[in-house]
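Take a look at the structure below.
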Amino acid sequence: MTPTSAQDIRDAAALLAAAVDVTILGHVRPDADALGSALALGRALRQRGAAVRVSFGEPDEAPETLRWLDEDGLLTHPDDLPDADGLLVCVDTPTPKRLGRLAGRVEPAGAVLVIDHHATNTFYGTCHVVDESAEASAVLVFRILDAMGVELDEPIARGIYAGIVTDTSGFRRASPETHRMAARLLEAGADPEVIVRRIVDERPFTWLPMLSSVLREARLEPDAAQGRGFVHAVVSADTARTVRGEEVESVIDVVRSVREAAVAAVLKQDPAHLGQWQISLRSIGIDVSAVAAEFGGGGHRQAAGCTIAGSAPDVIAGLREALERAPLL
């Protein structure tokens with residue numbers, strides 16, 4: 001993948017500056033990068049006079065921890081989107097499949113701008129700002145807004161900061177350029193203490209017994225993943241019934257901390273389809289995007305995901321086999 005160029009940024013900025021009607025889509029089960037980026041971009045475009053809506057394929061509502069980023073009421077249920085889009089923008093979404101039930105909007109759209117930082121992006125738009133070296137899609141949105149001459153305000157800065165701080169694990173993987181971006185976001189009014197507390201740190205009490213139950217059954221396979229170690233945990237639909245989706249998603253951040261394992265996986269049972277599992281993968285030194293791709297998923301080389309049908313033991317066995325074939329980093 002060739003890193004996005006200054007010309008790519010300028011082309012995207014020109015396309016957005018001329019747009020009068022814009023639909024911005026994030027991937028299913030949006031995280032802070034997808035939603036923060038989309039809402040920051042949407043607010044900037046609305047301030048320029050465009051009609052803007054932000055949506056995603058599932059679930060029906062944004063995660064509770066992220067709804068407060070929607071300063072302008074841009075979030076729109078898929079059923080309330082117009083039949084056709086003026087300009088379609090897909091943020092943090094490497095393939096149309098990751099749009100879920102909204103994937104069908106891509107092909108008939110006249111102009112499709114893709115803003116993404118995943119290594120598995122398939123360049124499915126008509127205009128692309130795709131750069132794997134960017135730590136977050138929010139970084140790319142920041143660059144585009146800069147090229148448009150947008151003046152940062154607190155809600156825009158808040159959304160972009162949310163995307164960057166979460167996708168860089170609290171700036172542990174942030175470049176000097178991204179730290180400089182963060183300084184500008186703070187100067188524009190973003191409050192890092194509030195953002196991190198509301199999105200990352202705060203959990204309901206029910207998270208503790210759920211996590212305890214899941215970790216009790218976690219397993220370490222020190223010889224798996226090409227001898228680098230594989231740790232995995234399973235979150236059944238019954239175990240997850242007392243918590244929000246955000247709490248289930250956070251389990252991977254605990255499991256990945258095991259130092260004896262280069263790869264961590266969390267299987268999350270789909271409550272609507274009990275025979276399906278949503279898989280979160282994290283790694284050090286192994287390309288888990290290649291593993292996810294074997295099962296129709298994708299993501300980053302060190303953070304990826306996919307959906308696999310079958311029993312939990314069979315799913316783990318399939319992941320174990322795929323890890324033996326995965327490229328080393």
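Following the order of the structure tokens, first chain is A, next is B, and so on, with residues numbered from 1 inside each chain and ligands from 1 in the order they appear.
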Would you mind listing what lies within 9 Å of region 147-151 of chain A as a list in words, with only C-alpha atoms counted and same-chain residues fewer than 4 positions away left out?
->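 The neighbour list is Ile9, Arg10, Ala12, Ala13, Ala14, Leu16, Ala17, Ala44, Phe142, Arg143 and Ala188 of chain A.
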Please, which residues in region 116-138 of chain A fall within 8 Å of region 155-164 of chain A when counting only C-alpha atoms, and what is the closest atom pair and distance in Å to one decimal for each, ordered by chain then residue number, as a Markdown table?
```
| residue | atom | partner | partner_atom | distance |
| --- | --- | --- | --- | --- |
| A:Glu135 | CA | A:Ile164 | CA | 7.2 |
| A:Ala136 | CA | A:Ile164 | CA | 5.7 |
| A:Ser137 | CA | A:Gly163 | CA | 7.4 |
| A:Ala138 | CA | A:Ile160 | CA | 5.2 |
```
From a backbone DSSP assignment, name each residue in region 90-216 of chain A labelled alpha helix (DSSP H), as a PyMOL selection string.
chain A and resi 137-148+154-167+176-187+192-196+207-216
key: Selection near Leu329 (chain A), 12 Å with only C-alpha atoms, sequence-local residues under 6 positions removed, as a count of residues only   = 12
### Task
From a DSSP calculation on the backbone, collect every residue of region 214-307 of chain A in strand (DSSP E) and output the set as a VMD selection string.
chain A and resid 219 to 221 230 to 235 263 to 270 273 to 283 298 to 299 303 to 307
Inset, instruction - Go through A:Ser37, A:Thr307, A:Gln7, A:Gln226 one by one, measure the shortest atom-to-atom distance of each to Glu321 (chain A) using only C-alpha atoms, and give the residue with the smallest value. - result: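 Residue with the minimum atom-to-atom distance to Glu321 (chain A): A:Gln226.
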- Find, counting only C-alpha atoms, the residue in A:Glu154, A:Glu221, A:Asp167, A:Asp31 that gets nearest to Asp191 (chain A).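 Among the listed residues, A:Glu154 lies closest to Asp191 (chain A).
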Checklist entry - Counting only C-alpha atoms, what is within 12 Å of Leu81 (chain A), bar same-chain residues fewer than 5 positions away, as a list in words? => result Asp21, Val22, Thr23, Ile24, Leu25, Ala51, Val52, Arg53, Val54, Ser55, Phe56, Gly57, Leu74, Leu75, Thr76, Gly86, Leu88, Leu102 and Arg105 of chain A
Deliver the residues from the most recent selection as a file, using all heavy atoms, as a compact mmCIF listing (two decimals), in the first residue's frame.
```txt
# COMPACT_ATOMS: atom_id res chain seq x y z
N ASP A 21 -24.59 17.80 0.00
CA ASP A 21 -25.36 16.74 0.66
C ASP A 21 -24.42 15.56 0.89
O ASP A 21 -23.87 15.01 -0.08
CB ASP A 21 -26.54 16.31 -0.22
CG ASP A 21 -27.41 15.27 0.48
OD1 ASP A 21 -27.11 14.06 0.35
OD2 ASP A 21 -28.37 15.66 1.16
N VAL A 22 -24.23 15.17 2.15
CA VAL A 22 -23.20 14.18 2.48
C VAL A 22 -23.76 13.16 3.47
O VAL A 22 -24.37 13.51 4.48
CB VAL A 22 -21.96 14.84 3.12
CG1 VAL A 22 -20.86 13.80 3.34
CG2 VAL A 22 -21.45 15.99 2.25
N THR A 23 -23.54 11.89 3.16
CA THR A 23 -23.80 10.80 4.09
C THR A 23 -22.46 10.22 4.50
O THR A 23 -21.67 9.82 3.64
CB THR A 23 -24.67 9.70 3.46
OG1 THR A 23 -25.94 10.26 3.08
CG2 THR A 23 -24.90 8.57 4.44
N ILE A 24 -22.20 10.16 5.80
CA ILE A 24 -20.94 9.63 6.32
C ILE A 24 -21.24 8.33 7.05
O ILE A 24 -22.06 8.30 7.97
CB ILE A 24 -20.25 10.62 7.27
CG1 ILE A 24 -20.10 11.98 6.60
CG2 ILE A 24 -18.89 10.08 7.72
CD1 ILE A 24 -19.53 13.06 7.52
N LEU A 25 -20.58 7.26 6.63
CA LEU A 25 -20.80 5.95 7.23
C LEU A 25 -19.56 5.46 7.95
O LEU A 25 -18.43 5.61 7.45
CB LEU A 25 -21.19 4.93 6.15
CG LEU A 25 -22.42 5.24 5.29
CD1 LEU A 25 -22.65 4.10 4.30
CD2 LEU A 25 -23.65 5.46 6.16
N ALA A 51 -25.90 19.60 3.98
CA ALA A 51 -26.79 18.68 4.70
C ALA A 51 -25.99 17.42 4.99
O ALA A 51 -25.42 16.82 4.08
CB ALA A 51 -28.01 18.36 3.84
N VAL A 52 -25.93 17.04 6.26
CA VAL A 52 -25.05 15.94 6.67
C VAL A 52 -25.80 14.97 7.58
O VAL A 52 -26.60 15.39 8.43
CB VAL A 52 -23.81 16.47 7.43
CG1 VAL A 52 -22.87 15.33 7.79
CG2 VAL A 52 -23.08 17.52 6.61
N ARG A 53 -25.52 13.68 7.39
CA ARG A 53 -26.01 12.66 8.30
C ARG A 53 -24.90 11.63 8.51
O ARG A 53 -24.10 11.39 7.60
CB ARG A 53 -27.28 12.00 7.75
CG ARG A 53 -27.10 11.34 6.42
CD ARG A 53 -28.36 11.30 5.58
NE ARG A 53 -28.74 12.61 5.10
CZ ARG A 53 -28.27 13.13 3.96
NH1 ARG A 53 -27.39 12.47 3.24
NH2 ARG A 53 -28.67 14.31 3.57
N VAL A 54 -24.85 11.03 9.70
CA VAL A 54 -23.85 10.03 10.04
C VAL A 54 -24.57 8.76 10.45
O VAL A 54 -25.53 8.81 11.23
CB VAL A 54 -22.95 10.52 11.20
CG1 VAL A 54 -22.01 9.41 11.67
CG2 VAL A 54 -22.15 11.75 10.77
N SER A 55 -24.13 7.62 9.93
CA SER A 55 -24.82 6.38 10.25
C SER A 55 -23.85 5.20 10.23
O SER A 55 -22.68 5.32 9.85
CB SER A 55 -25.96 6.14 9.24
OG SER A 55 -26.82 5.11 9.68
N PHE A 56 -24.37 4.04 10.64
CA PHE A 56 -23.62 2.78 10.63
C PHE A 56 -24.63 1.65 10.61
O PHE A 56 -25.79 1.81 10.99
CB PHE A 56 -22.70 2.68 11.85
CG PHE A 56 -23.36 3.03 13.15
CD1 PHE A 56 -24.04 2.06 13.87
CD2 PHE A 56 -23.35 4.33 13.63
CE1 PHE A 56 -24.69 2.38 15.05
CE2 PHE A 56 -23.99 4.66 14.81
CZ PHE A 56 -24.66 3.68 15.53
N GLY A 57 -24.20 0.47 10.15
CA GLY A 57 -25.12 -0.62 9.89
C GLY A 57 -25.70 -1.31 11.11
O GLY A 57 -26.84 -1.73 11.10
N LEU A 74 -26.29 14.48 14.47
CA LEU A 74 -26.04 13.98 13.13
C LEU A 74 -26.33 12.49 13.00
O LEU A 74 -26.57 12.01 11.88
CB LEU A 74 -24.58 14.23 12.73
CG LEU A 74 -24.13 15.69 12.66
CD1 LEU A 74 -22.64 15.77 12.33
CD2 LEU A 74 -24.93 16.45 11.63
N LEU A 75 -26.31 11.75 14.10
CA LEU A 75 -26.53 10.31 14.03
C LEU A 75 -27.92 10.00 13.48
O LEU A 75 -28.93 10.53 13.96
CB LEU A 75 -26.35 9.68 15.40
CG LEU A 75 -24.90 9.62 15.91
CD1 LEU A 75 -24.86 9.12 17.34
CD2 LEU A 75 -24.05 8.72 15.01
N THR A 76 -27.95 9.15 12.47
CA THR A 76 -29.19 8.85 11.76
C THR A 76 -29.35 7.34 11.64
O THR A 76 -28.43 6.64 11.23
CB THR A 76 -29.15 9.47 10.34
OG1 THR A 76 -28.88 10.87 10.45
CG2 THR A 76 -30.46 9.25 9.61
N GLY A 86 -25.78 12.27 -1.98
CA GLY A 86 -25.03 13.21 -2.81
C GLY A 86 -23.59 12.77 -2.88
O GLY A 86 -23.09 12.32 -3.91
N LEU A 88 -21.05 10.16 -0.71
CA LEU A 88 -20.95 9.13 0.32
C LEU A 88 -19.52 9.08 0.83
O LEU A 88 -18.57 8.98 0.03
CB LEU A 88 -21.35 7.77 -0.24
CG LEU A 88 -21.37 6.61 0.76
CD1 LEU A 88 -22.47 6.82 1.80
CD2 LEU A 88 -21.57 5.27 0.03
N LEU A 102 -25.53 -1.52 5.25
CA LEU A 102 -25.40 -0.31 4.44
C LEU A 102 -24.41 -0.48 3.28
O LEU A 102 -24.17 0.46 2.52
CB LEU A 102 -24.96 0.87 5.31
CG LEU A 102 -25.97 1.28 6.39
CD1 LEU A 102 -25.42 2.42 7.25
CD2 LEU A 102 -27.30 1.68 5.77
N ARG A 105 -25.12 0.71 -0.36
CA ARG A 105 -25.15 2.13 -0.76
C ARG A 105 -23.91 2.52 -1.56
O ARG A 105 -23.90 3.57 -2.22
CB ARG A 105 -25.27 3.02 0.48
CG ARG A 105 -26.50 2.75 1.33
CD ARG A 105 -26.64 3.77 2.43
NE ARG A 105 -27.10 5.07 1.94
CZ ARG A 105 -28.39 5.41 1.84
NH1 ARG A 105 -29.34 4.54 2.17
NH2 ARG A 105 -28.74 6.61 1.42
```
If you count only C-alpha atoms, the residue of A:Ser311, A:Ala292, A:His273, A:Val263 closest to Val234 (chain A) turns out to be A:Ser311
* Proximity to Gly110 (chain A) - best of A:His128, A:Ser280, A:Thr93, A:Leu87, only C-alpha atoms ->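 Among the listed residues, A:Leu87 lies closest to Gly110 (chain A).
Here CA of Ile115 (chain A) and CA of Leu140 (chain A) stand 7.0 Å from one another.
Each of A:Gly42, A:Pro63, A:Gly296, A:Gly125 was checked against Val248 (chain A) using only C-alpha atoms; the smallest atom-to-atom distance is that of A:Pro63.
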